[in-house]
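With compact mmCIF, C-alpha atoms inside, this is target02.txt:
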# COMPACT_ATOMS: atom_id res chain seq x y z
CA ASP O 1 -12.14 30.44 -13.64
CA ALA O 2 -10.88 27.00 -12.56
CA GLY O 3 -10.54 25.54 -16.05
CA HIS O 4 -12.51 23.14 -18.25
CA ASN O 5 -12.00 19.68 -19.74
CA ILE O 6 -10.80 21.22 -23.01
CA GLY O 7 -8.02 23.04 -21.16
CA ALA O 8 -7.24 19.86 -19.24
CA LYS O 9 -6.73 18.01 -22.52
CA THR O 10 -4.33 20.73 -23.58
CA GLU O 11 -2.37 20.25 -20.34
CA ILE O 12 -1.93 16.57 -21.10
CA ARG O 13 -1.06 17.31 -24.72
CA ASN O 14 1.66 19.71 -23.56
CA LEU O 15 3.13 16.99 -21.35
CA PHE O 16 2.77 14.13 -23.83
CA HIS O 17 3.73 16.16 -26.86
CA ASP O 18 4.69 12.95 -28.63
CA THR O 19 1.18 11.51 -28.27
CA THR O 20 -2.29 13.07 -28.46
CA GLY O 21 -5.67 11.78 -27.33
CA LEU O 22 -4.38 9.80 -24.36
CA PHE O 23 -7.29 10.53 -22.06
CA ASP O 24 -10.83 11.60 -22.88
CA THR O 25 -12.05 13.27 -19.68
CA PRO O 26 -9.14 14.73 -17.68
CA LYS O 27 -9.78 17.25 -14.91
CA PRO O 28 -8.07 20.66 -15.00
CA THR O 29 -5.25 21.06 -12.47
CA GLU O 30 -6.57 24.52 -11.55
CA LEU O 31 -9.84 22.94 -10.41
CA ILE O 32 -8.06 20.41 -8.17
CA LYS O 33 -5.79 23.11 -6.77
CA ARG O 34 -8.87 25.18 -5.90
CA ILE O 35 -10.53 22.23 -4.15
CA VAL O 36 -7.38 21.48 -2.16
CA ILE O 37 -7.04 25.08 -0.99
CA MET O 38 -10.70 25.14 0.07
CA ALA O 39 -10.42 21.90 2.07
CA GLU O 40 -6.94 21.98 3.58
CA ASN O 41 -5.41 23.28 6.77
CA GLN O 42 -3.83 26.37 5.26
CA GLU O 43 -1.57 27.08 8.24
CA ASP O 44 1.00 24.36 7.58
CA LYS O 45 0.05 23.16 4.05
CA THR O 46 1.01 19.55 4.84
CA ASP O 47 -2.28 17.78 4.15
CA ILE O 48 -2.52 14.39 2.46
CA ILE O 49 -4.82 14.46 -0.57
CA LEU O 50 -6.45 11.16 -1.54
CA ASP O 51 -7.89 10.53 -5.01
CA PHE O 52 -9.62 7.16 -5.13
CA PHE O 53 -10.32 7.31 -8.90
CA SER O 54 -7.13 8.93 -10.03
CA GLY O 55 -7.41 8.49 -13.81
CA SER O 56 -4.70 10.49 -15.53
CA ALA O 57 -3.23 11.61 -12.16
CA THR O 58 -4.43 15.21 -12.32
CA THR O 59 -4.48 15.29 -8.52
CA ALA O 60 -0.77 14.44 -8.26
CA HIS O 61 0.05 17.09 -10.86
CA ALA O 62 -2.05 19.68 -9.03
CA VAL O 63 -0.56 18.91 -5.61
CA MET O 64 3.03 19.14 -6.87
CA GLN O 65 2.25 22.40 -8.70
CA LEU O 66 0.56 23.85 -5.61
CA ASN O 67 3.61 23.00 -3.50
CA ALA O 68 5.77 24.75 -6.08
CA ASP O 69 3.47 27.80 -6.02
CA ASP O 70 3.38 28.39 -2.26
CA GLY O 71 6.16 26.28 -0.71
CA GLY O 72 3.80 23.72 0.81
CA ASN O 73 4.66 20.12 1.64
CA ARG O 74 1.40 18.40 0.73
CA LYS O 75 1.43 14.73 -0.24
CA PHE O 76 -0.87 12.67 -2.41
CA ILE O 77 -2.19 9.12 -2.50
CA LEU O 78 -3.69 7.98 -5.78
CA VAL O 79 -5.69 4.79 -6.23
CA GLN O 80 -6.46 3.40 -9.68
CA ILE O 81 -7.37 -0.09 -10.82
CA PRO O 82 -5.25 -1.27 -13.77
CA GLU O 83 -8.09 -0.67 -16.21
CA ALA O 84 -6.96 -1.55 -19.74
CA THR O 85 -6.77 1.18 -22.34
CA PRO O 86 -8.97 0.45 -25.37
CA GLU O 87 -7.51 -1.70 -28.12
CA GLY O 88 -6.34 0.46 -31.03
CA SER O 89 -6.47 3.67 -28.95
CA GLU O 90 -3.72 6.30 -29.08
CA ALA O 91 -2.77 5.36 -25.53
CA ARG O 92 -2.36 1.69 -26.40
CA LYS O 93 -0.35 2.55 -29.53
CA ALA O 94 1.94 4.70 -27.36
CA GLY O 95 2.64 1.75 -25.06
CA TYR O 96 0.28 2.53 -22.18
CA ALA O 97 -1.52 -0.73 -21.46
CA THR O 98 -3.56 0.63 -18.56
CA ILE O 99 -4.93 3.92 -17.29
CA ALA O 100 -2.58 3.56 -14.31
CA ASP O 101 0.37 3.52 -16.76
CA ILE O 102 -0.75 6.88 -18.15
CA GLY O 103 -1.01 8.31 -14.64
CA LYS O 104 2.46 7.17 -13.61
CA GLU O 105 4.04 8.67 -16.72
CA ARG O 106 2.16 11.92 -16.21
CA ILE O 107 3.51 12.26 -12.66
CA ARG O 108 7.06 11.73 -13.96
CA ARG O 109 6.69 14.29 -16.74
CA ALA O 110 4.80 16.85 -14.65
CA GLY O 111 7.36 16.59 -11.85
CA LYS O 112 10.23 17.12 -14.24
CA LYS O 113 8.52 20.12 -15.83
CA ILE O 114 7.73 21.68 -12.44
CA GLN O 115 11.30 21.27 -11.23
CA GLU O 116 12.72 22.67 -14.45
CA ALA O 117 10.50 25.74 -14.09
CA LEU O 118 11.94 26.37 -10.61
CA THR O 119 15.57 26.10 -11.72
CA PRO O 120 17.10 29.51 -12.48
CA THR O 121 18.22 29.99 -16.05
CA LEU O 122 21.87 31.08 -15.92
CA SER O 123 24.17 32.16 -18.69
CA GLN O 124 27.46 30.28 -19.11
CA GLY O 125 29.31 33.27 -17.66
CA GLU O 126 27.11 33.33 -14.57
CA ARG O 127 27.71 29.61 -14.05
CA GLU O 128 31.47 30.10 -14.26
CA LEU O 129 31.62 33.19 -12.00
CA ASP O 130 28.91 32.01 -9.55
CA PHE O 131 27.52 35.35 -8.42
CA GLY O 132 25.91 33.76 -5.38
CA THR O 133 22.77 32.89 -7.24
CA GLU O 134 20.07 31.59 -4.93
CA SER O 135 19.83 27.81 -4.80
CA PRO O 136 16.94 26.46 -6.83
CA LYS O 137 13.80 25.69 -4.89
CA ILE O 138 13.22 21.96 -4.48
CA VAL O 139 9.78 20.38 -4.69
CA ASP O 140 9.35 16.73 -3.80
CA CYS O 141 8.20 15.18 -7.08
CA GLY O 142 9.04 11.61 -6.16
CA PHE O 143 6.48 8.84 -5.72
CA LYS O 144 6.20 5.13 -5.01
CA VAL O 145 3.91 2.66 -6.75
CA PHE O 146 2.32 -0.25 -4.90
CA LYS O 147 0.29 -3.03 -6.46
CA LEU O 148 -2.06 -5.33 -4.58
CA ASP O 149 -0.71 -8.88 -4.62
CA THR O 150 -0.62 -12.12 -2.69
CA SER O 151 1.92 -12.79 0.04
CA ASN O 152 5.50 -13.46 -1.02
CA ILE O 153 5.62 -16.44 1.33
CA LYS O 154 4.47 -19.83 0.10
CA ALA O 155 1.38 -21.15 1.83
CA TRP O 156 1.94 -24.40 3.75
CA ASN O 157 -0.78 -26.68 2.45
CA PRO O 158 0.59 -30.24 2.25
CA THR O 159 -1.33 -33.26 1.05
CA PRO O 160 -0.69 -36.91 1.99
CA ASP O 161 -0.01 -37.81 -1.63
CA SER O 162 2.72 -35.20 -2.13
CA LEU O 163 4.15 -34.69 1.36
CA GLN O 164 7.77 -35.29 0.35
CA GLU O 165 7.54 -32.82 -2.55
CA ASP O 166 5.79 -30.27 -0.33
CA LEU O 167 8.54 -30.54 2.28
CA LEU O 168 11.27 -30.00 -0.32
CA ASN O 169 9.42 -27.01 -1.76
CA ALA O 170 9.20 -25.51 1.73
CA VAL O 171 12.99 -25.41 2.15
CA ASP O 172 12.88 -22.02 0.45
CA ASN O 173 9.57 -20.56 1.56
CA ILE O 174 9.63 -17.50 -0.73
CA LEU O 175 7.87 -17.55 -4.10
CA SER O 176 10.43 -17.72 -6.91
CA ASP O 177 9.17 -14.69 -8.85
CA ARG O 178 9.44 -12.23 -5.94
CA THR O 179 12.20 -9.68 -5.41
CA ASP O 180 13.95 -8.50 -2.27
CA GLU O 181 11.95 -5.27 -2.50
CA ASP O 182 8.72 -7.29 -2.53
CA LEU O 183 9.79 -9.00 0.68
CA LEU O 184 10.84 -5.74 2.30
CA TYR O 185 7.47 -4.07 1.80
CA GLU O 186 5.60 -7.12 3.08
CA VAL O 187 7.75 -6.95 6.21
CA LEU O 188 6.88 -3.27 6.65
CA ILE O 189 3.17 -4.01 6.27
CA LYS O 190 3.28 -6.91 8.75
CA TYR O 191 5.05 -4.78 11.34
CA GLY O 192 2.61 -1.92 10.80
CA LEU O 193 5.33 0.45 9.61
CA PRO O 194 4.51 3.29 7.20
CA LEU O 195 5.36 2.54 3.58
CA THR O 196 6.63 6.12 3.29
CA LEU O 197 9.59 5.55 5.62
CA PRO O 198 12.93 6.46 3.99
CA ILE O 199 14.64 3.36 2.57
CA GLU O 200 18.31 3.18 1.58
CA THR O 201 20.28 0.40 -0.06
CA VAL O 202 23.35 -0.39 2.08
CA GLN O 203 26.41 -2.60 1.65
CA LEU O 204 26.72 -5.22 4.37
CA GLY O 205 30.01 -7.03 3.91
CA GLN O 206 29.70 -8.84 0.58
CA HIS O 207 25.93 -8.51 0.51
CA THR O 208 23.41 -5.77 -0.13
CA GLY O 209 20.60 -4.94 2.27
CA PHE O 210 18.12 -2.22 3.17
CA SER O 211 18.19 0.42 5.88
CA VAL O 212 14.68 1.55 6.83
CA GLY O 213 13.83 4.62 8.90
CA MET O 214 17.41 5.91 9.23
CA GLY O 215 18.71 2.48 10.25
CA SER O 216 16.11 1.54 12.85
CA LEU O 217 15.32 -1.58 10.80
CA ILE O 218 17.89 -3.44 8.72
CA ALA O 219 16.82 -6.12 6.25
CA CYS O 220 19.06 -8.46 4.26
CA PHE O 221 17.51 -11.17 2.10
CA ALA O 222 20.67 -12.28 0.30
CA GLN O 223 21.73 -15.92 0.18
CA GLY O 224 24.86 -17.27 1.88
CA ILE O 225 24.97 -14.72 4.69
CA THR O 226 28.13 -15.00 6.81
CA LEU O 227 29.14 -13.54 10.16
CA GLU O 228 30.92 -10.77 8.24
CA THR O 229 27.54 -9.56 7.03
CA VAL O 230 26.03 -9.91 10.50
CA GLN O 231 28.90 -7.93 12.03
CA ALA O 232 28.42 -5.18 9.44
CA ILE O 233 24.82 -4.86 10.64
CA ALA O 234 25.94 -4.87 14.29
CA ASP O 235 28.43 -2.09 13.55
CA MET O 236 25.61 0.11 12.25
CA SER O 237 23.96 0.19 15.69
CA THR O 238 25.09 3.06 17.90
CA PRO O 239 23.72 4.48 21.18
CA GLU O 240 22.60 7.58 19.30
CA ASN O 241 21.02 5.66 16.42
CA PRO O 242 20.35 2.05 17.50
CA VAL O 243 19.24 -0.72 15.17
CA LEU O 244 15.94 -1.89 16.65
CA ARG O 245 15.06 -4.81 14.38
CA VAL O 246 16.90 -7.03 11.88
CA VAL O 247 15.16 -9.20 9.30
CA PHE O 248 16.64 -12.02 7.24
CA ARG O 249 15.28 -14.61 4.85
CA ASP O 250 14.94 -17.92 6.69
CA SER O 251 17.11 -19.69 4.12
CA SER O 252 19.70 -16.89 3.89
CA PHE O 253 22.39 -18.13 6.26
CA ALA O 254 25.46 -20.02 5.07
CA ASP O 255 24.83 -22.67 7.74
CA ASP O 256 23.08 -23.24 11.09
CA ASN O 257 26.12 -22.08 13.07
CA VAL O 258 26.02 -18.68 11.39
CA LYS O 259 22.30 -18.46 12.09
CA SER O 260 22.80 -19.21 15.81
CA ASN O 261 25.77 -16.89 16.19
CA ALA O 262 24.01 -14.08 14.32
CA VAL O 263 21.51 -13.67 17.13
CA GLN O 264 24.30 -13.42 19.72
CA ARG O 265 26.36 -10.93 17.67
CA LEU O 266 23.35 -8.68 17.22
CA LYS O 267 22.36 -9.07 20.86
CA GLN O 268 25.79 -7.72 21.85
CA ALA O 269 25.06 -4.71 19.63
CA GLY O 270 21.86 -4.00 21.55
CA VAL O 271 19.31 -5.72 19.28
CA ARG O 272 16.91 -7.79 21.37
CA GLU O 273 16.80 -11.51 20.53
CA GLU O 274 13.09 -11.36 19.69
CA ASP O 275 13.80 -8.55 17.21
CA VAL O 276 16.12 -10.68 15.06
CA VAL O 277 13.56 -12.16 12.69
CA SER O 278 13.57 -14.60 9.78
CA VAL O 279 10.81 -14.65 7.15

What is this file in structure tokens?
Amino acid sequence: DAGHNIGAKTEIRNLFHDTTGLFDTPKPTELIKRIVIMAENQEDKTDIILDFFSGSATTAHAVMQLNADDGGNRKFILVQIPEATPEGSEARKAGYATIADIGKERIRRAGKKIQEALTPTLSQGERELDFGTESPKIVDCGFKVFKLDTSNIKAWNPTPDSLQEDLLNAVDNILSDRTDEDLLYEVLIKYGLPLTLPIETVQLGQHTGFSVGMGSLIACFAQGITLETVQAIADMSTPENPVLRVVFRDSSFADDNVKSNAVQRLKQAGVREEDVVSV
């Protein structure tokens, strides 16, 4: 009464209708839903469900569907090594190089299908007249993907034979193949902040930055930062919603004067000097 592997294969086939045989041993979503209900705190339905061998991401599918069924706000964490799909398999032919790739695509497709099922089907006339139809129920089907990697910051490991070259390489201490988002998440980890905090992209003068936790932390890793950008950050800090920490790239500033004045501008806006940080 909680499903079988055959039914689970059918679930995947219905999602990936353009490809069959993606995964050999999927679990049925009904089984995972049953396990969650048995184990959770059923009063608030806000548990976090961890699947350490997530495979085709049945757990994510089941959690989102369960939230849609009963209005819960459960969340999931899935862990899966990037195990390669077999050469010549249907999954590899369809472009899924790893099992994790299959799981990510399943979450996208399952989330879209769940949300579509919750959206009322209206005729054109009903849309035009708007008879006060109830707003569609919203289920959080979003997710973030994190991959284990080395630090974004170059290790300082000079040798006597190449000291001059090592010094020049250290002028920009960030690895060349890393993005601003990579840096941002390393900052969050180093400060012990949850990776689930809301993050928004914000315009700071002529540069783009990130607002984390409703503006409590502002990060800008752009090059050539001027006092205009610094002032834009200072203006975001209010008594009701203060900016608590600001993070820049060490090589970001247009010159040393801007770097020195940035601390004072932000200090006037209520950001403590020790909370203006360069990485």

Nearest to Gln80 of chain O by atom-to-atom distance, counting all atoms listed in the file, from O:Leu66, O:Val247, O:Leu197, O:Ile102: O:Ile102

Gap from atom CA of Ala84 of chain O to atom CA of Ala97 of chain O - Å, one decimal: 5.8 Å

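Between Pro86 of chain O and the candidates O:Ala269, O:Ala262, O:Asp24, O:Glu116, the tightest atom-to-atom separation, counting all atoms listed in the file, involves O:Asp24.
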
Residue contacts of Ile35 of chain O (12 Å, all atoms listed in the file) excluding same-chain residues fewer than 6 positions away, as a PDB file with C-alpha atoms, in the frame of the given file:
ATOM      1  CA  ALA O   2     -10.880  27.000 -12.560  1.00  0.00           C
ATOM      2  CA  LYS O  27      -9.780  17.250 -14.910  1.00  0.00           C
ATOM      3  CA  PRO O  28      -8.070  20.660 -15.000  1.00  0.00           C
ATOM      4  CA  THR O  29      -5.250  21.060 -12.470  1.00  0.00           C
ATOM      5  CA  ILE O  49      -4.820  14.460  -0.570  1.00  0.00           C
ATOM      6  CA  THR O  59      -4.480  15.290  -8.520  1.00  0.00           C
ATOM      7  CA  ALA O  62      -2.050  19.680  -9.030  1.00  0.00           C
ATOM      8  CA  VAL O  63      -0.560  18.910  -5.610  1.00  0.00           C
ATOM      9  CA  LEU O  66       0.560  23.850  -5.610  1.00  0.00           C
TER      10      LEU O  66
END

Shell around Phe23 of chain O at 12 Å using all atoms listed in the file, local window under 5 positions removed, as a list in words: Asn5, Ile6, Ala8, Lys9, Thr10, Glu11, Ile12, Arg13, Phe16, Gly55, Ser56, Ala57, Thr58, Thr85, Pro86, Ser89, Glu90, Ala91, Arg92, Tyr96, Thr98, Ile99, Ala100, Asp101, Ile102, Gly103 and Arg106 of chain O

Suppose we keep C-alpha atoms; can you now write the selection as an mmCIF file, in the frame of the given file?
data_model
loop_
_atom_site.group_PDB
_atom_site.id
_atom_site.type_symbol
_atom_site.label_atom_id
_atom_site.label_comp_id
_atom_site.auth_asym_id
_atom_site.auth_seq_id
_atom_site.Cartn_x
_atom_site.Cartn_y
_atom_site.Cartn_z
ATOM 1 C CA ASN O 5 -12.000 19.680 -19.740
ATOM 2 C CA ILE O 6 -10.800 21.220 -23.010
ATOM 3 C CA ALA O 8 -7.240 19.860 -19.240
ATOM 4 C CA LYS O 9 -6.730 18.010 -22.520
ATOM 5 C CA THR O 10 -4.330 20.730 -23.580
ATOM 6 C CA GLU O 11 -2.370 20.250 -20.340
ATOM 7 C CA ILE O 12 -1.930 16.570 -21.100
ATOM 8 C CA ARG O 13 -1.060 17.310 -24.720
ATOM 9 C CA PHE O 16 2.770 14.130 -23.830
ATOM 10 C CA GLY O 55 -7.410 8.490 -13.810
ATOM 11 C CA SER O 56 -4.700 10.490 -15.530
ATOM 12 C CA ALA O 57 -3.230 11.610 -12.160
ATOM 13 C CA THR O 58 -4.430 15.210 -12.320
ATOM 14 C CA THR O 85 -6.770 1.180 -22.340
ATOM 15 C CA PRO O 86 -8.970 0.450 -25.370
ATOM 16 C CA SER O 89 -6.470 3.670 -28.950
ATOM 17 C CA GLU O 90 -3.720 6.300 -29.080
ATOM 18 C CA ALA O 91 -2.770 5.360 -25.530
ATOM 19 C CA ARG O 92 -2.360 1.690 -26.400
ATOM 20 C CA TYR O 96 0.280 2.530 -22.180
ATOM 21 C CA THR O 98 -3.560 0.630 -18.560
ATOM 22 C CA ILE O 99 -4.930 3.920 -17.290
ATOM 23 C CA ALA O 100 -2.580 3.560 -14.310
ATOM 24 C CA ASP O 101 0.370 3.520 -16.760
ATOM 25 C CA ILE O 102 -0.750 6.880 -18.150
ATOM 26 C CA GLY O 103 -1.010 8.310 -14.640
ATOM 27 C CA ARG O 106 2.160 11.920 -16.210
#

Among listed residues O:Val212, O:Phe253, O:Gln203, O:Val79, nearest Ile225 of chain O (using only C-alpha atoms): O:Phe253

Atom-to-atom span, atom CA of Ala68 of chain O and atom CA of Thr46 of chain O, Å: 13.0 Å

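Atom CA of Asn173 of chain O sits 8.2 Å away from atom CA of Val279 of chain O.
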
Distance query segment 186-190 of chain O at most 12 Å, all atoms listed in the file, self and fewer than 3 positions along chain excluded, as a count of residues only: 39

Top pick for closest residue to Met64 of chain O, considering O:Gly3, O:Gly224, O:Gly142, O:Pro160 and counting all atoms listed in the file: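 The answer is O:Gly142, which sits nearest to Met64 of chain O.
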
Residue with smallest distance to Ala60 of chain O - pool O:Lys267, O:Lys45, O:Lys113, O:Arg74, counting all atoms listed in the file: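 Answer, going by the shortest atom-to-atom distance: O:Arg74.
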
Surrounding residues of Gly205 of chain O excluding itself and chain neighbours under 6 positions, 9 Å, all atoms listed in the file, as a list of chain:residue names: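 In the requested form, the answer reads O:Thr226, O:Glu228, O:Thr229, O:Val230, O:Gln231, O:Ala232, O:Ile233.
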
Using 5 Å of padding on each side, determine the axis-aligned box around all atoms of segment 50-67 of chain O present in the file and give its centre and edge lengths in Å to one decimal, as JSON.
{"center_x": -3.4, "center_y": 15.5, "center_z": -8.5, "size_x": 23.9, "size_y": 26.7, "size_z": 24.0}

Neighbour list for Asp69 of chain O as an MDAnalysis selection string, cut-off 12 Å, only C-alpha atoms, skip fewer than 4 positions in-chain: chainID O and resid 30 33 37 45 62:65 73:74 114:115 117:118 137:139

Selected residue of minimal separation from Tyr191 of chain O among O:Asp275, O:Val36, O:Glu43, O:Lys112, counting all atoms listed in the file: O:Asp275
